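J.: Just so it is clear, I am handing over coords.txt, which has compact mmCIF, C-alpha atoms and all ligand atoms.
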```txt
# COMPACT_ATOMS: atom_id res chain seq x y z
CA MET A 1 -27.79 40.94 34.83
CA LEU A 2 -27.36 38.40 32.06
CA LEU A 3 -28.77 40.34 29.16
CA ASP A 4 -29.85 43.94 28.76
CA LEU A 5 -30.85 45.14 25.34
CA ASP A 6 -32.79 47.69 23.38
CA ILE A 7 -32.28 47.01 19.68
CA SER A 8 -33.92 47.25 16.31
CA LYS A 9 -33.00 45.63 13.04
CA THR A 10 -34.72 45.52 9.66
CA MET A 11 -33.98 42.64 7.28
CA ARG A 12 -34.96 43.04 3.64
CA SER A 13 -35.21 40.44 0.92
CA GLY A 14 -36.82 41.55 -2.35
CA ASN A 15 -39.88 43.53 -1.32
CA ARG A 16 -40.30 41.56 1.91
CA GLU A 17 -39.28 43.20 5.16
CA PHE A 18 -38.83 41.82 8.66
CA ARG A 19 -38.39 44.17 11.58
CA LEU A 20 -37.07 43.12 14.97
CA ASP A 21 -37.76 45.59 17.77
CA LEU A 22 -36.85 44.50 21.26
CA SER A 23 -36.31 45.99 24.66
CA TYR A 24 -35.62 43.48 27.42
CA SER A 25 -33.62 42.84 30.58
CA ALA A 26 -32.93 39.32 31.81
CA SER A 27 -31.64 38.83 35.31
CA ASN A 28 -31.18 35.05 35.40
CA ASP A 29 -28.15 33.20 34.14
CA ARG A 30 -30.33 30.83 32.17
CA LEU A 31 -32.59 32.40 29.58
CA VAL A 32 -34.78 30.57 27.08
CA ILE A 33 -35.97 32.50 24.04
CA LEU A 34 -39.17 30.90 22.79
CA GLY A 35 -41.06 31.63 19.61
CA PRO A 36 -42.50 30.12 16.44
CA SER A 37 -40.51 29.76 13.24
CA GLY A 38 -39.69 33.15 11.74
CA SER A 39 -40.22 35.12 14.97
CA GLY A 40 -36.63 36.45 15.01
CA LYS A 41 -34.92 34.10 17.48
CA SER A 42 -31.90 33.33 15.30
CA LEU A 43 -31.47 36.97 14.31
CA LEU A 44 -31.39 37.93 17.98
CA LEU A 45 -28.87 35.23 18.82
CA GLN A 46 -26.68 36.32 15.90
CA MET A 47 -26.75 39.91 17.16
CA ILE A 48 -25.70 38.79 20.64
CA ALA A 49 -22.84 36.77 19.11
CA GLY A 50 -21.72 39.70 16.94
CA LEU A 51 -22.51 37.96 13.65
CA LEU A 52 -25.17 40.53 12.76
CA LYS A 53 -25.14 44.24 13.57
CA PRO A 54 -28.31 45.89 14.92
CA ASP A 55 -29.39 49.10 13.17
CA SER A 56 -29.70 50.96 16.45
CA GLY A 57 -29.77 50.64 20.22
CA TYR A 58 -27.51 48.83 22.68
CA LEU A 59 -26.79 45.32 23.84
CA LYS A 60 -25.09 44.31 27.11
CA LEU A 61 -24.18 40.84 28.27
CA ALA A 62 -23.24 40.14 31.90
CA GLY A 63 -22.72 43.87 32.46
CA ARG A 64 -20.43 44.31 29.46
CA THR A 65 -21.43 46.50 26.51
CA LEU A 66 -21.17 44.48 23.31
CA PHE A 67 -22.91 46.97 21.07
CA ASP A 68 -23.91 50.59 21.46
CA GLN A 69 -24.78 52.48 18.34
CA LYS A 70 -24.66 55.94 19.95
CA GLN A 71 -21.26 55.32 21.53
CA GLY A 72 -19.91 53.60 18.42
CA VAL A 73 -19.23 50.31 20.25
CA ASN A 74 -19.48 47.07 18.29
CA LEU A 75 -17.23 44.31 19.65
CA THR A 76 -16.11 41.62 17.21
CA PRO A 77 -17.32 38.05 17.81
CA GLN A 78 -13.83 37.22 19.19
CA GLN A 79 -13.90 40.16 21.61
CA ARG A 80 -17.35 39.13 22.84
CA GLN A 81 -15.97 35.76 23.96
CA VAL A 82 -19.27 33.97 23.67
CA ALA A 83 -19.56 30.42 22.39
CA PHE A 84 -22.20 29.78 19.75
CA LEU A 85 -23.52 26.24 19.42
CA PHE A 86 -25.33 25.76 16.12
CA GLN A 87 -28.36 23.54 15.51
CA ASN A 88 -26.36 20.89 13.64
CA TYR A 89 -23.29 21.40 15.91
CA ALA A 90 -21.13 22.26 12.86
CA LEU A 91 -18.43 19.73 13.76
CA PHE A 92 -15.62 19.27 11.26
CA PRO A 93 -16.36 15.90 9.62
CA HIS A 94 -12.71 15.14 8.74
CA LEU A 95 -11.38 15.81 12.27
CA SER A 96 -11.50 13.48 15.26
CA VAL A 97 -13.34 14.34 18.47
CA ARG A 98 -10.03 15.41 20.06
CA GLN A 99 -9.11 17.60 17.08
CA ASN A 100 -12.57 19.15 17.00
CA VAL A 101 -12.33 20.08 20.67
CA ALA A 102 -8.77 21.37 20.24
CA PHE A 103 -9.72 23.37 17.15
CA SER A 104 -10.77 26.48 19.08
CA LEU A 105 -7.34 26.57 20.77
CA ARG A 106 -5.29 26.26 17.60
CA ARG A 107 -2.74 28.90 16.72
CA GLY A 108 -2.12 29.69 13.09
CA LEU A 109 -3.82 28.15 10.10
CA PHE A 110 -3.16 24.46 10.62
CA ASN A 111 -5.57 21.94 12.08
CA PRO A 112 -4.53 20.51 15.44
CA SER A 113 -2.60 17.25 15.13
CA THR A 114 -4.42 14.01 16.00
CA LYS A 115 -2.37 13.75 19.20
CA VAL A 116 -2.68 17.39 20.22
CA ALA A 117 -1.73 17.68 23.90
CA SER A 118 -3.62 20.13 26.04
CA LYS A 119 -4.77 19.99 29.63
CA ALA A 120 -7.93 21.88 28.74
CA VAL A 121 -8.77 19.40 25.97
CA ASP A 122 -8.12 16.44 28.30
CA TYR A 123 -10.26 18.07 30.96
CA TRP A 124 -13.31 18.45 28.71
CA LEU A 125 -12.93 15.04 27.06
CA ASP A 126 -12.85 13.50 30.52
CA ASN A 127 -15.67 15.66 31.86
CA PHE A 128 -18.00 14.68 29.04
CA GLY A 129 -17.04 11.00 28.91
CA LEU A 130 -15.54 11.42 25.44
CA GLU A 131 -12.14 9.86 26.09
CA PRO A 132 -13.10 6.44 24.68
CA VAL A 133 -14.25 8.01 21.39
CA GLN A 134 -11.64 10.77 21.17
CA HIS A 135 -10.10 9.38 17.96
CA GLN A 136 -13.42 8.81 16.21
CA ARG A 137 -14.85 11.20 13.70
CA PRO A 138 -18.30 12.85 13.98
CA HIS A 139 -20.07 10.35 11.69
CA GLU A 140 -18.88 7.56 14.01
CA LEU A 141 -20.56 9.10 17.07
CA SER A 142 -24.02 8.91 18.63
CA GLY A 143 -26.18 12.05 18.67
CA GLY A 144 -25.39 12.61 22.34
CA GLN A 145 -21.65 12.20 21.79
CA ARG A 146 -21.82 14.68 18.91
CA GLN A 147 -23.57 17.21 21.09
CA ARG A 148 -21.07 16.74 23.91
CA THR A 149 -18.20 17.16 21.45
CA ALA A 150 -19.69 20.44 20.24
CA LEU A 151 -20.19 21.58 23.84
CA ALA A 152 -16.63 20.62 24.76
CA ARG A 153 -15.35 22.56 21.77
CA ALA A 154 -17.39 25.57 22.87
CA LEU A 155 -16.37 25.41 26.52
CA VAL A 156 -12.64 24.80 26.04
CA THR A 157 -12.18 28.52 25.34
CA GLU A 158 -13.81 29.43 28.69
CA PRO A 159 -16.51 31.61 27.15
CA ARG A 160 -18.37 34.29 29.08
CA ALA A 161 -21.69 32.84 27.86
CA LEU A 162 -23.00 29.93 25.88
CA LEU A 163 -25.49 30.59 23.07
CA LEU A 164 -27.46 27.58 21.88
CA ASP A 165 -29.57 27.47 18.73
CA GLU A 166 -32.20 24.71 19.03
CA PRO A 167 -29.68 22.30 20.53
CA PHE A 168 -32.05 19.33 20.80
CA SER A 169 -34.07 19.59 17.60
CA ALA A 170 -32.00 17.04 15.68
CA LEU A 171 -32.07 14.39 18.41
CA ASP A 172 -34.53 11.52 18.73
CA PRO A 173 -37.08 11.91 21.56
CA ASP A 174 -35.33 9.71 24.18
CA LEU A 175 -31.96 11.28 23.60
CA ARG A 176 -33.54 14.73 23.67
CA ILE A 177 -34.88 14.13 27.19
CA HIS A 178 -31.51 12.79 28.29
CA MET A 179 -29.48 15.64 26.75
CA ARG A 180 -31.77 18.33 28.15
CA LYS A 181 -31.18 16.95 31.63
CA GLU A 182 -27.47 16.61 31.00
CA LEU A 183 -27.07 20.15 29.69
CA ARG A 184 -29.02 21.62 32.56
CA GLU A 185 -26.91 19.80 35.14
CA LEU A 186 -23.80 20.85 33.31
CA GLN A 187 -24.83 24.51 33.22
CA GLU A 188 -25.52 24.44 36.95
CA ARG A 189 -22.19 22.79 37.67
CA LEU A 190 -20.16 25.17 35.50
CA ALA A 191 -22.21 28.29 36.22
CA VAL A 192 -21.79 29.46 32.61
CA PRO A 193 -24.54 31.89 31.61
CA LEU A 194 -26.68 30.22 28.97
CA ILE A 195 -29.06 31.60 26.35
CA LEU A 196 -31.03 28.98 24.45
CA ILE A 197 -33.46 29.52 21.58
CA THR A 198 -36.22 27.07 20.85
CA HIS A 199 -39.77 26.64 19.63
CA ASP A 200 -40.28 23.66 21.95
CA VAL A 201 -42.09 24.39 25.22
CA GLU A 202 -40.44 21.32 26.78
CA ASP A 203 -37.13 23.23 26.76
CA VAL A 204 -38.81 25.94 28.80
CA LYS A 205 -39.98 23.42 31.39
CA VAL A 206 -36.53 21.92 31.87
CA PHE A 207 -34.33 24.99 31.51
CA SER A 208 -36.10 28.12 32.17
CA ASN A 209 -35.97 30.23 35.19
CA GLU A 210 -36.61 33.01 32.70
CA THR A 211 -38.28 32.95 29.29
CA LEU A 212 -38.48 35.59 26.60
CA CYS A 213 -41.35 34.93 24.18
CA LEU A 214 -41.00 36.33 20.67
CA LYS A 215 -43.53 36.80 17.89
CA ASP A 216 -43.03 38.69 14.63
CA GLY A 217 -39.84 40.30 15.91
CA GLN A 218 -41.37 41.62 19.12
CA ILE A 219 -42.04 40.42 22.65
CA ASP A 220 -45.16 38.27 22.70
CA GLN A 221 -46.64 39.86 25.82
CA GLU A 222 -49.68 37.61 25.91
CA ARG A 223 -47.66 34.38 25.82
CA GLN A 224 -45.14 35.85 28.23
CA GLN A 225 -47.89 36.44 30.81
CA LEU A 226 -49.47 33.03 30.24
CA LEU A 227 -46.12 31.35 30.82
CA ARG A 228 -45.44 33.37 33.95
CA ALA A 229 -48.84 32.40 35.31
CA ALA A 230 -48.25 28.72 34.44
CA ILE A 231 -44.86 28.67 36.20
CA ALA A 232 -45.96 30.65 39.30
N1 LIG B 301 -30.50 37.35 5.72
C1 LIG B 301 -31.81 37.64 5.73
N2 LIG B 301 -32.34 38.49 4.83
C2 LIG B 301 -33.66 38.79 4.85
N3 LIG B 301 -34.52 38.29 5.75
C3 LIG B 301 -34.05 37.45 6.67
C4 LIG B 301 -32.66 37.06 6.72
N4 LIG B 301 -32.48 36.22 7.75
C5 LIG B 301 -33.70 36.05 8.31
N5 LIG B 301 -34.63 36.78 7.69
C6 LIG B 301 -36.06 36.86 8.02
O1 LIG B 301 -36.18 37.26 9.37
C7 LIG B 301 -37.26 36.57 10.00
C8 LIG B 301 -36.77 35.95 11.31
O2 LIG B 301 -35.81 34.92 10.99
P1 LIG B 301 -35.14 34.04 12.13
O3 LIG B 301 -34.15 33.16 11.44
O4 LIG B 301 -34.63 34.91 13.21
O5 LIG B 301 -36.37 33.18 12.66
P2 LIG B 301 -36.40 32.07 13.81
O6 LIG B 301 -37.37 32.53 14.84
O7 LIG B 301 -35.03 31.75 14.27
O8 LIG B 301 -37.02 30.84 13.02
P3 LIG B 301 -36.68 29.24 13.06
O9 LIG B 301 -37.27 28.74 14.36
O10 LIG B 301 -37.43 28.72 11.86
O11 LIG B 301 -35.19 29.07 12.97
C9 LIG B 301 -37.80 35.56 8.99
O12 LIG B 301 -38.98 36.06 8.44
C10 LIG B 301 -36.71 35.48 7.94
O13 LIG B 301 -37.26 35.24 6.68
```
Kindly present the structure from the file in structure tokens form.
Ligand SMILES: Nc1ncnc2c1ncn2[C@@H]1O[C@H](COP(=O)(O)OP(=O)(O)OP(=O)(O)O)[C@@H](O)[C@H]1O
T.:
Amino acid sequence: MLLDLDISKTMRSGNREFRLDLSYSASNDRLVILGPSGSGKSLLLQMIAGLLKPDSGYLKLAGRTLFDQKQGVNLTPQQRQVAFLFQNYALFPHLSVRQNVAFSLRRGLFNPSTKVASKAVDYWLDNFGLEPVQHQRPHELSGGQRQRTALARALVTEPRALLLDEPFSALDPDLRIHMRKELRELQERLAVPLILITHDVEDVKVFSNETLCLKDGQIDQERQQLLRAAIA
């Protein structure tokens, strides 16, 4: 089972309150979480990654307990070994493609050198066709190359799962279609469990063998059933 959770979390800002209350089990290794802006998608992804602590409940990923309030379990983001790919990819602008990919493998406080040697880095640069641009910096790359660099940086640590926050939203329409296809093929080839959040139904069509629909911090049962019927 990819994801098994029963969690609640209340976020407060001034006198505004947002409550996320979710109980869900996903059995596929590719899950799309769909919902409008403000439905709680990012909060959920942050809780899976260990960047935000639920108030109560439990959260398991691929059979491993990441959080369990009753048992006092709350693994750190490092212990969870999941890779989080942010909307804007969060590449380091002053580092080359090679250095960005090598960054996750660095030991100590220093940035990897421009010629950092690593079989894993070579493997991912080659796999994603990034060798020709390995010495360029992020602002010298195309949108697709930037996304592949971010993916290579995420995958070089051999994560147990890949969490993607709106990975295509910043791309132009043609590139978006291309990158969706590329990421799907890649996920199938690598067999890395993938959880993707989006408000774009097109992502569901390309990626989903399972979709979790959110609305106001809860499962949107109506949309969930409509989608199931549309896919069946
Ligand atoms: N740190 C915070 N403090 C208080 N409220 C927050 C905080 N972070 C998020 N929220 C609130 O929680 C709700 C859900 O936010 P979330 O970022 O999960 O939405 P989302 O579905 O990812 O939206 P989007 O698609 O726009 O990114 C929103 O109403 C937001 O205002």
J.: Which residues sit within 6 Å of ligand LIG 301 (chain B), counting only C-alpha atoms and all ligand atoms, listed as an MDAnalysis selection string?
T.: chainID A and resid 11:13 18 36:43
J.: Do you know which residues are at most 9 Å from Tyr89 (chain A) counting all atoms listed in the file, after dropping those on the same chain fewer than 2 positions away, and could you put them as a ChimeraX atom specification?
T.: /A:85-87,91,146-147,149-151,167
J.: Would you write out those residues with C-alpha atoms, as a PDB file, in the coordinates of the input?
T.:
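And here is the file that came out, part_7.pdb:
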```pdb
ATOM      1  CA  LEU A  85     -23.520  26.240  19.420  1.00  0.00           C
ATOM      2  CA  PHE A  86     -25.330  25.760  16.120  1.00  0.00           C
ATOM      3  CA  GLN A  87     -28.360  23.540  15.510  1.00  0.00           C
ATOM      4  CA  LEU A  91     -18.430  19.730  13.760  1.00  0.00           C
ATOM      5  CA  ARG A 146     -21.820  14.680  18.910  1.00  0.00           C
ATOM      6  CA  GLN A 147     -23.570  17.210  21.090  1.00  0.00           C
ATOM      7  CA  THR A 149     -18.200  17.160  21.450  1.00  0.00           C
ATOM      8  CA  ALA A 150     -19.690  20.440  20.240  1.00  0.00           C
ATOM      9  CA  LEU A 151     -20.190  21.580  23.840  1.00  0.00           C
ATOM     10  CA  PRO A 167     -29.680  22.300  20.530  1.00  0.00           C
TER      11      PRO A 167
END
```
J.: Show me, as a PDB file with C-alpha atoms, in the coordinates of the input, the residues that have an atom within 10 Å of Arg80 (chain A) when counting all atoms listed in the file, minus same-chain residues fewer than 2 positions from it.
T.:
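The resulting file, result_5.pdb, is reproduced below:
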```pdb
ATOM      1  CA  ILE A  48     -25.700  38.790  20.640  1.00  0.00           C
ATOM      2  CA  ALA A  49     -22.840  36.770  19.110  1.00  0.00           C
ATOM      3  CA  GLY A  50     -21.720  39.700  16.940  1.00  0.00           C
ATOM      4  CA  LEU A  61     -24.180  40.840  28.270  1.00  0.00           C
ATOM      5  CA  ARG A  64     -20.430  44.310  29.460  1.00  0.00           C
ATOM      6  CA  THR A  65     -21.430  46.500  26.510  1.00  0.00           C
ATOM      7  CA  LEU A  66     -21.170  44.480  23.310  1.00  0.00           C
ATOM      8  CA  PHE A  67     -22.910  46.970  21.070  1.00  0.00           C
ATOM      9  CA  ASN A  74     -19.480  47.070  18.290  1.00  0.00           C
ATOM     10  CA  LEU A  75     -17.230  44.310  19.650  1.00  0.00           C
ATOM     11  CA  THR A  76     -16.110  41.620  17.210  1.00  0.00           C
ATOM     12  CA  PRO A  77     -17.320  38.050  17.810  1.00  0.00           C
ATOM     13  CA  GLN A  78     -13.830  37.220  19.190  1.00  0.00           C
ATOM     14  CA  VAL A  82     -19.270  33.970  23.670  1.00  0.00           C
ATOM     15  CA  ALA A  83     -19.560  30.420  22.390  1.00  0.00           C
ATOM     16  CA  PRO A 159     -16.510  31.610  27.150  1.00  0.00           C
ATOM     17  CA  ARG A 160     -18.370  34.290  29.080  1.00  0.00           C
ATOM     18  CA  ALA A 161     -21.690  32.840  27.860  1.00  0.00           C
TER      19      ALA A 161
END
```
J.: Would you pick out the contacts of region 174-190 of chain A at 9 Å or less, using only C-alpha atoms, so that residues sharing its chain but fewer than 4 positions from it are not included, and give the list as a list of chain:residue names?
T.: A:Arg30, A:Gly143, A:Gly144, A:Gln147, A:Arg148, A:Pro167, A:Phe168, A:Ser169, A:Ala170, A:Leu194, A:Asp203, A:Val206, A:Phe207
J.: Which is closer to Asn28 (chain A) than all the others in A:Val133, A:His199, A:Tyr123, A:Val192, using only C-alpha atoms?
T.: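 Counting only C-alpha atoms, the residue closest to Asn28 (chain A) is A:Val192.
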J.: Could you give me, as a list in words, the residues within 10 Å of Ala62 (chain A), counting all atoms listed in the file and dropping anything in the same chain fewer than 4 positions from it?
T.: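 So the residues in contact are Met1, Leu2, Leu3, Asp4, Ala26, Ser27, Asp29, Leu66, Arg160, Ala161 and Pro193 of chain A.
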J.: Find the residues around Asn100 (chain A) up to 7 Å (all atoms listed in the file counted), leave out those fewer than 5 positions away in its own chain, and share them as an NGL selection string.
T.: :A and (91-92 or 95 or 153)
J.: Identify which of the residues A:Pro93, A:Asn88, A:Arg137, A:Gln225 lies closest to Leu171 (chain A), counting all atoms listed in the file when measuring atom-to-atom distances.
T.: A:Asn88
J.: What's the separation between CA of Tyr24 (chain A) and CA of Asp6 (chain A), in Å to one decimal place?
T.: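 Between CA of Tyr24 (chain A) and CA of Asp6 (chain A) the gap is 6.5 Å.
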J.: For a quick check of understanding, using only C-alpha atoms, which of A:Ile197, A:Ala229, A:Gly217, A:Asp122 has the smallest distance to Thr10 (chain A)?
T.: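 Nearest candidate to Thr10 (chain A) out of A:Ile197, A:Ala229, A:Gly217, A:Asp122: A:Gly217.
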J.: For Lys60 (chain A), which residue among A:Glu158, A:Val73, A:Asp220, A:Ala152 is the nearest when counting only C-alpha atoms?
T.: A:Val73
J.: Measuring between only C-alpha atoms, which one of A:Val201, A:Leu196, A:Leu52, A:Leu227 shows the shortest distance to Leu31 (chain A)?
T.: A:Leu196
J.: Could you tell me how far CA of Ser8 (chain A) sits from CA of Leu162 (chain A), in Å to one decimal place?
T.: 22.6 Å
J.: As an exercise, work out the distance from CA of Leu212 (chain A) to CA of Asp21 (chain A) in Å and give it to one decimal place.
T.: 13.4 Å
J.: Would you mind telling me which residue in A:Gln145, A:Lys9, A:Tyr58, A:Thr198 lies nearest to Ser25 (chain A) when using all atoms listed in the file?
T.: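 Nearest to Ser25 (chain A): A:Tyr58.
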J.: Output, as lines of an AutoDock Vina configuration file, the centre and edge lengths in Å (one decimal) of the axis-aligned box that contains all listed atoms of region 199-209 of chain A with 8 Å of margin on each side.
T.:
```
center_x = -38.2
center_y = 25.8
center_z = 27.4
size_x = 23.8
size_y = 24.9
size_z = 31.6
```
